[in-house]
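Asker: Enclosed is the structure file entry06.csv (CSV, C-alpha atoms).
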```csv
chain,number,residue,atom,x,y,z
A,1,MET,CA,1.5,8.1,20.3
A,2,GLU,CA,2.1,5.0,22.4
A,3,MET,CA,-0.1,1.9,22.6
A,4,LEU,CA,0.2,-1.5,24.2
A,5,GLY,CA,-2.0,-4.5,24.6
A,6,ASN,CA,-2.4,-8.2,25.2
A,7,ARG,CA,-4.5,-10.6,23.1
A,8,ARG,CA,-5.5,-14.2,23.7
A,9,LEU,CA,-5.3,-16.1,20.5
A,10,GLY,CA,-7.1,-19.4,19.9
A,11,VAL,CA,-4.2,-21.0,18.0
A,12,THR,CA,-0.8,-22.4,19.1
A,13,GLN,CA,2.2,-20.1,19.4
A,14,GLN,CA,3.7,-21.7,16.3
A,15,GLN,CA,0.6,-21.2,14.3
A,16,ALA,CA,0.4,-17.5,15.4
A,17,TRP,CA,4.1,-17.0,14.6
A,18,ASP,CA,3.6,-18.5,11.1
A,19,ALA,CA,0.7,-16.3,10.4
A,20,LEU,CA,2.4,-13.1,11.7
A,21,ASN,CA,5.2,-13.8,9.3
A,22,ASP,CA,3.1,-14.5,6.2
A,23,PRO,CA,2.6,-11.4,4.0
A,24,GLU,CA,-0.7,-12.6,2.5
A,25,THR,CA,-2.2,-13.1,6.0
A,26,LEU,CA,-1.0,-9.7,7.1
A,27,LYS,CA,-2.4,-8.1,3.9
A,28,LYS,CA,-5.8,-9.7,4.7
A,29,CYS,CA,-5.8,-8.7,8.3
A,30,ILE,CA,-4.5,-5.1,8.2
A,31,PRO,CA,-7.5,-2.8,7.6
A,32,GLY,CA,-7.2,-1.0,4.3
A,33,CYS,CA,-4.1,-2.9,3.2
A,34,ASP,CA,-3.8,-3.8,-0.4
A,35,LYS,CA,0.0,-4.5,-0.6
A,36,PHE,CA,2.3,-6.3,1.8
A,37,GLU,CA,5.2,-7.7,-0.2
A,38,LEU,CA,8.6,-9.1,0.8
A,39,THR,CA,11.3,-7.0,-0.8
A,40,GLY,CA,14.4,-8.2,0.9
A,41,ASP,CA,15.7,-9.8,4.1
A,42,ASN,CA,12.9,-9.1,6.6
A,43,GLN,CA,11.8,-6.0,4.7
A,44,TYR,CA,8.4,-5.4,3.2
A,45,THR,CA,6.7,-2.8,1.1
A,46,VAL,CA,3.3,-1.9,2.3
A,47,ALA,CA,0.4,0.2,0.9
A,48,ALA,CA,-2.8,0.9,2.9
A,49,ALA,CA,-5.8,3.2,2.8
A,50,VAL,CA,-6.1,5.0,6.2
A,51,LYS,CA,-8.8,7.2,7.6
A,52,VAL,CA,-8.4,9.3,10.7
A,53,GLY,CA,-11.4,11.5,11.4
A,54,PRO,CA,-12.0,13.6,8.2
A,55,VAL,CA,-8.6,12.8,6.7
A,56,SER,CA,-8.3,9.9,4.3
A,57,ALA,CA,-5.1,8.9,2.5
A,58,LYS,CA,-3.3,6.1,0.8
A,59,PHE,CA,-0.1,5.4,2.7
A,60,THR,CA,2.9,3.7,1.1
A,61,GLY,CA,5.9,2.7,3.1
A,62,LYS,CA,8.1,-0.1,4.4
A,63,VAL,CA,8.2,-2.4,7.4
A,64,THR,CA,11.5,-3.9,8.6
A,65,LEU,CA,11.7,-6.8,11.1
A,66,THR,CA,14.6,-7.0,13.6
A,67,ASP,CA,15.5,-9.0,16.8
A,68,ILE,CA,13.7,-12.0,15.3
A,69,ALA,CA,13.4,-14.9,17.8
A,70,PRO,CA,11.1,-17.6,16.4
A,71,PRO,CA,8.4,-18.4,17.6
A,72,ASP,CA,8.7,-15.9,20.5
A,73,GLY,CA,8.6,-12.5,18.8
A,74,TYR,CA,10.3,-9.7,16.9
A,75,LYS,CA,10.6,-6.0,16.7
A,76,LEU,CA,9.5,-4.0,13.7
A,77,SER,CA,10.0,-0.5,12.5
A,78,PHE,CA,7.8,1.2,10.0
A,79,GLU,CA,7.5,4.3,8.0
A,80,GLY,CA,5.0,5.5,5.5
A,81,GLN,CA,4.0,8.6,3.4
A,82,GLY,CA,0.5,9.6,2.8
A,83,GLY,CA,1.0,12.6,0.5
A,84,VAL,CA,-0.6,15.8,1.8
A,85,ALA,CA,-2.2,13.8,4.7
A,86,GLY,CA,1.2,13.4,6.2
A,87,PHE,CA,3.5,10.7,7.4
A,88,ALA,CA,3.8,8.0,10.0
A,89,LYS,CA,6.8,6.3,11.5
A,90,GLY,CA,7.6,4.2,14.5
A,91,ALA,CA,8.4,0.9,16.1
A,92,SER,CA,6.6,-2.0,17.6
A,93,SER,CA,7.5,-5.1,19.6
A,94,VAL,CA,5.5,-8.3,19.3
A,95,THR,CA,5.9,-11.2,21.8
A,96,LEU,CA,4.1,-14.6,21.7
A,97,LYS,CA,4.0,-17.0,24.6
A,98,PRO,CA,1.9,-20.0,25.6
A,99,ALA,CA,-1.4,-19.2,27.4
A,100,ALA,CA,-0.6,-18.4,31.0
A,101,ASP,CA,-3.2,-20.6,32.6
A,102,GLY,CA,-2.2,-23.7,30.6
A,103,ALA,CA,-5.3,-23.4,28.4
A,104,GLU,CA,-5.2,-23.9,24.6
A,105,GLY,CA,-3.9,-21.1,22.5
A,106,CYS,CA,-1.3,-18.4,23.2
A,107,GLU,CA,-1.0,-14.8,24.2
A,108,LEU,CA,0.3,-12.0,22.1
A,109,ASP,CA,1.7,-8.9,23.8
A,110,TYR,CA,2.4,-5.8,21.7
A,111,THR,CA,3.7,-2.3,22.1
A,112,VAL,CA,3.7,0.5,19.5
A,113,GLN,CA,5.4,3.9,19.5
A,114,ALA,CA,4.6,6.1,16.6
A,115,GLN,CA,4.9,9.6,15.4
A,116,VAL,CA,2.7,11.3,12.8
A,117,GLY,CA,3.0,14.5,10.9
A,118,GLY,CA,1.1,16.6,8.4
A,119,LYS,CA,-2.7,17.0,8.3
A,120,ILE,CA,-3.2,13.9,10.4
A,121,ALA,CA,-1.1,15.3,13.3
A,122,GLN,CA,-3.3,18.4,13.3
A,123,LEU,CA,-6.3,16.3,14.2
A,124,GLY,CA,-5.3,16.0,17.8
A,125,GLN,CA,-4.0,13.2,19.9
A,126,ARG,CA,-7.4,11.9,21.1
A,127,LEU,CA,-8.6,11.3,17.6
A,128,ILE,CA,-5.3,9.7,16.5
A,129,ASP,CA,-5.3,7.4,19.5
A,130,GLY,CA,-8.9,6.4,18.9
A,131,ALA,CA,-8.2,5.6,15.3
A,132,ALA,CA,-5.1,3.6,16.2
A,133,LYS,CA,-7.0,1.6,18.9
A,134,SER,CA,-9.9,0.9,16.4
A,135,THR,CA,-7.4,-0.2,13.7
A,136,ALA,CA,-5.7,-2.6,16.2
A,137,ASP,CA,-9.1,-4.0,17.3
A,138,ASP,CA,-10.1,-4.5,13.7
A,139,PHE,CA,-6.8,-6.2,12.9
A,140,PHE,CA,-7.2,-8.7,15.7
A,141,LYS,CA,-10.9,-9.5,14.7
A,142,ARG,CA,-9.7,-10.2,11.2
A,143,PHE,CA,-6.7,-12.2,12.5
A,144,ASP,CA,-8.9,-14.3,14.8
A,145,ALA,CA,-11.3,-15.0,11.9
A,146,GLU,CA,-8.5,-16.0,9.6
A,147,MET,CA,-7.0,-18.3,12.2
A,148,GLN,CA,-10.4,-19.9,12.7
A,149,ARG,CA,-10.8,-20.3,9.0
A,150,ARG,CA,-7.4,-22.1,8.8
A,151,TYR,CA,-7.3,-24.1,12.0
A,152,GLY,CA,-10.9,-24.5,13.1
A,153,PRO,CA,-13.0,-22.7,15.7
A,154,ALA,CA,-11.4,-21.4,18.9
A,155,PRO,CA,-11.8,-23.4,22.2
A,156,VAL,CA,-15.3,-24.2,23.6
A,157,GLU,CA,-16.0,-20.8,25.1
A,158,GLY,CA,-16.3,-19.4,21.6
A,159,GLU,CA,-18.9,-22.0,20.6
A,160,ALA,CA,-21.1,-20.9,23.5
A,161,VAL,CA,-21.1,-17.3,22.2
A,162,ALA,CA,-22.1,-18.5,18.7
A,163,GLU,CA,-25.0,-20.5,20.1
A,164,GLU,CA,-26.1,-17.5,22.1
A,165,LYS,CA,-26.0,-15.2,19.1
A,166,LYS,CA,-28.0,-17.8,17.0
A,167,GLY,CA,-30.7,-17.8,19.7
A,168,ALA,CA,-30.8,-14.0,19.8
A,169,VAL,CA,-31.3,-13.8,16.0
A,170,LYS,CA,-34.0,-16.5,16.1
A,171,GLY,CA,-35.7,-14.6,18.9
A,172,PHE,CA,-35.5,-11.4,17.0
A,173,MET,CA,-36.9,-13.0,13.8
A,174,ASN,CA,-39.8,-14.4,15.8
A,175,LYS,CA,-40.5,-11.0,17.3
A,176,ILE,CA,-40.8,-9.4,13.9
A,177,GLY,CA,-43.0,-12.3,12.6
A,178,LEU,CA,-40.4,-14.0,10.4
A,179,GLY,CA,-39.9,-17.1,12.6
A,180,GLY,CA,-39.9,-20.6,11.2
A,181,LYS,CA,-43.1,-22.6,10.7
A,182,LYS,CA,-42.5,-24.7,13.9
A,183,ASP,CA,-42.1,-21.4,15.9
A,184,THR,CA,-45.3,-19.9,14.7
A,185,ASP,CA,-47.4,-23.0,15.4
A,186,ALA,CA,-46.1,-23.0,19.0
A,187,ALA,CA,-47.0,-19.3,19.5
```
Taking this structure as input, can you express it in the form of structure tokens?
Answerer:
Amino acid sequence: MEMLGNRRLGVTQQQAWDALNDPETLKKCIPGCDKFELTGDNQYTVAAAVKVGPVSAKFTGKVTLTDIAPPDGYKLSFEGQGGVAGFAKGASSVTLKPAADGAEGCELDYTVQAQVGGKIAQLGQRLIDGAAKSTADDFFKRFDAEMQRRYGPAPVEGEAVAEEKKGAVKGFMNKIGLGGKKDTDAA
């Protein structure tokens, strides 16, 4: 399986670098992860619950960082065992750079190459790719939320979205008859 992507982050390159090298942050942001511990120089022990289609398993394994170039990026290799569900192993490259258009924040580019075996491999490439993409999307949603919690909200465009959602909820509440007193008097 191969996957690559680019994400715009609402934090500085240094803030993103610090978070991507903090085991507690990674533990919070990796879906199903309940262990991400430093065990040696740039080596971590990891445990995570994984679900791909009908197969669920608890994977344990290790992650090793190499080619570390603060705050620009690193390469990592990973391997994990999930009992009868199978195994996963592979490598990834993560690169951080300032936002291309000079705006606030930074950009993160990533590539992943992975191999899976066992029951998970029998599910088919489309299901595996979909689960991997979903996991990556979930990771970045959690990572963005954690960065906002630490460093404040993302630039102004994020605030406009929050206001729009607030209005949508208010409109829905009014439609079902649960609007505030001021809204019911106006109607």
Asker: Rank nothing, just name the residue among A:Thr39, A:Thr25, A:Ser77, A:Thr66 nearest to A:Gln115, using all atoms listed in the file.
Answerer: A:Ser77
Asker: Quick one, how far is atom CA of A:Lys119 from atom CA of A:Pro23?
Answerer: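 Spanning atom CA of A:Lys119 to atom CA of A:Pro23 is a straight-line distance of 29.2 Å.
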Asker: May I ask which of the residues A:Val52, A:Leu65, A:Ala103, A:Val84 is the closest one to A:Leu123, counting all atoms listed in the file?
Answerer: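 Result for the nearest residue to A:Leu123: A:Val52.
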Asker: Env of stretch 27-30 of chain A: 9 Å cut, atoms = all atoms listed in the file, seq-sep filter 2 positions within chain, self excluded. Answer as a list of chain:residue names.
Answerer: A:Asp22, A:Pro23, A:Glu24, A:Thr25, A:Gly32, A:Cys33, A:Asp34, A:Lys35, A:Phe36, A:Glu37, A:Val46, A:Ala48, A:Thr135, A:Ala136, A:Asp138, A:Phe139, A:Phe140, A:Lys141, A:Arg142, A:Phe143, A:Glu146
Asker: Please tabulate, as JSON lines, the residues of stretch 37-76 of chain A that come within 10 Å of stretch 86-96 of chain A, each with its closest pair of atoms and the distance in Å to one decimal, counting all atoms listed in the file and ordering rows by chain, then residue number upward.
Answerer:
```
{"residue": "A:Val55", "atom": "CA", "partner": "A:Gly86", "partner_atom": "CA", "distance": 9.8}
{"residue": "A:Ala57", "atom": "CA", "partner": "A:Gly86", "partner_atom": "CA", "distance": 8.6}
{"residue": "A:Phe59", "atom": "CA", "partner": "A:Phe87", "partner_atom": "CA", "distance": 7.9}
{"residue": "A:Thr60", "atom": "CA", "partner": "A:Phe87", "partner_atom": "CA", "distance": 9.4}
{"residue": "A:Gly61", "atom": "CA", "partner": "A:Ala88", "partner_atom": "CA", "distance": 9.0}
{"residue": "A:Lys62", "atom": "CA", "partner": "A:Lys89", "partner_atom": "CA", "distance": 9.6}
{"residue": "A:Val63", "atom": "CA", "partner": "A:Ala91", "partner_atom": "CA", "distance": 9.3}
{"residue": "A:Thr64", "atom": "CA", "partner": "A:Ala91", "partner_atom": "CA", "distance": 9.4}
{"residue": "A:Leu65", "atom": "CA", "partner": "A:Ser92", "partner_atom": "CA", "distance": 9.6}
{"residue": "A:Thr66", "atom": "CA", "partner": "A:Ser93", "partner_atom": "CA", "distance": 9.5}
{"residue": "A:Asp67", "atom": "CA", "partner": "A:Ser93", "partner_atom": "CA", "distance": 9.3}
{"residue": "A:Ile68", "atom": "CA", "partner": "A:Val94", "partner_atom": "CA", "distance": 9.8}
{"residue": "A:Ala69", "atom": "CA", "partner": "A:Thr95", "partner_atom": "CA", "distance": 9.3}
{"residue": "A:Pro70", "atom": "CA", "partner": "A:Leu96", "partner_atom": "CA", "distance": 9.3}
{"residue": "A:Pro71", "atom": "CA", "partner": "A:Leu96", "partner_atom": "CA", "distance": 7.1}
{"residue": "A:Asp72", "atom": "CA", "partner": "A:Leu96", "partner_atom": "CA", "distance": 4.9}
{"residue": "A:Gly73", "atom": "CA", "partner": "A:Thr95", "partner_atom": "CA", "distance": 4.2}
{"residue": "A:Tyr74", "atom": "CA", "partner": "A:Val94", "partner_atom": "CA", "distance": 5.5}
{"residue": "A:Lys75", "atom": "CA", "partner": "A:Ser93", "partner_atom": "CA", "distance": 4.3}
{"residue": "A:Leu76", "atom": "CA", "partner": "A:Ser92", "partner_atom": "CA", "distance": 5.3}
```
Asker: Mind giving me the straight-line distance from atom CA of A:Leu108 to atom CA of A:Leu38 in Å, one decimal?
Answerer: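 So the answer is 23.0 Å.
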Asker: So, counting all atoms listed in the file, which residue among A:Met1, A:Arg8, A:Gln15, A:Val116 is closest to A:Arg150?
Answerer: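 Among the listed residues, A:Gln15 lies closest to A:Arg150.
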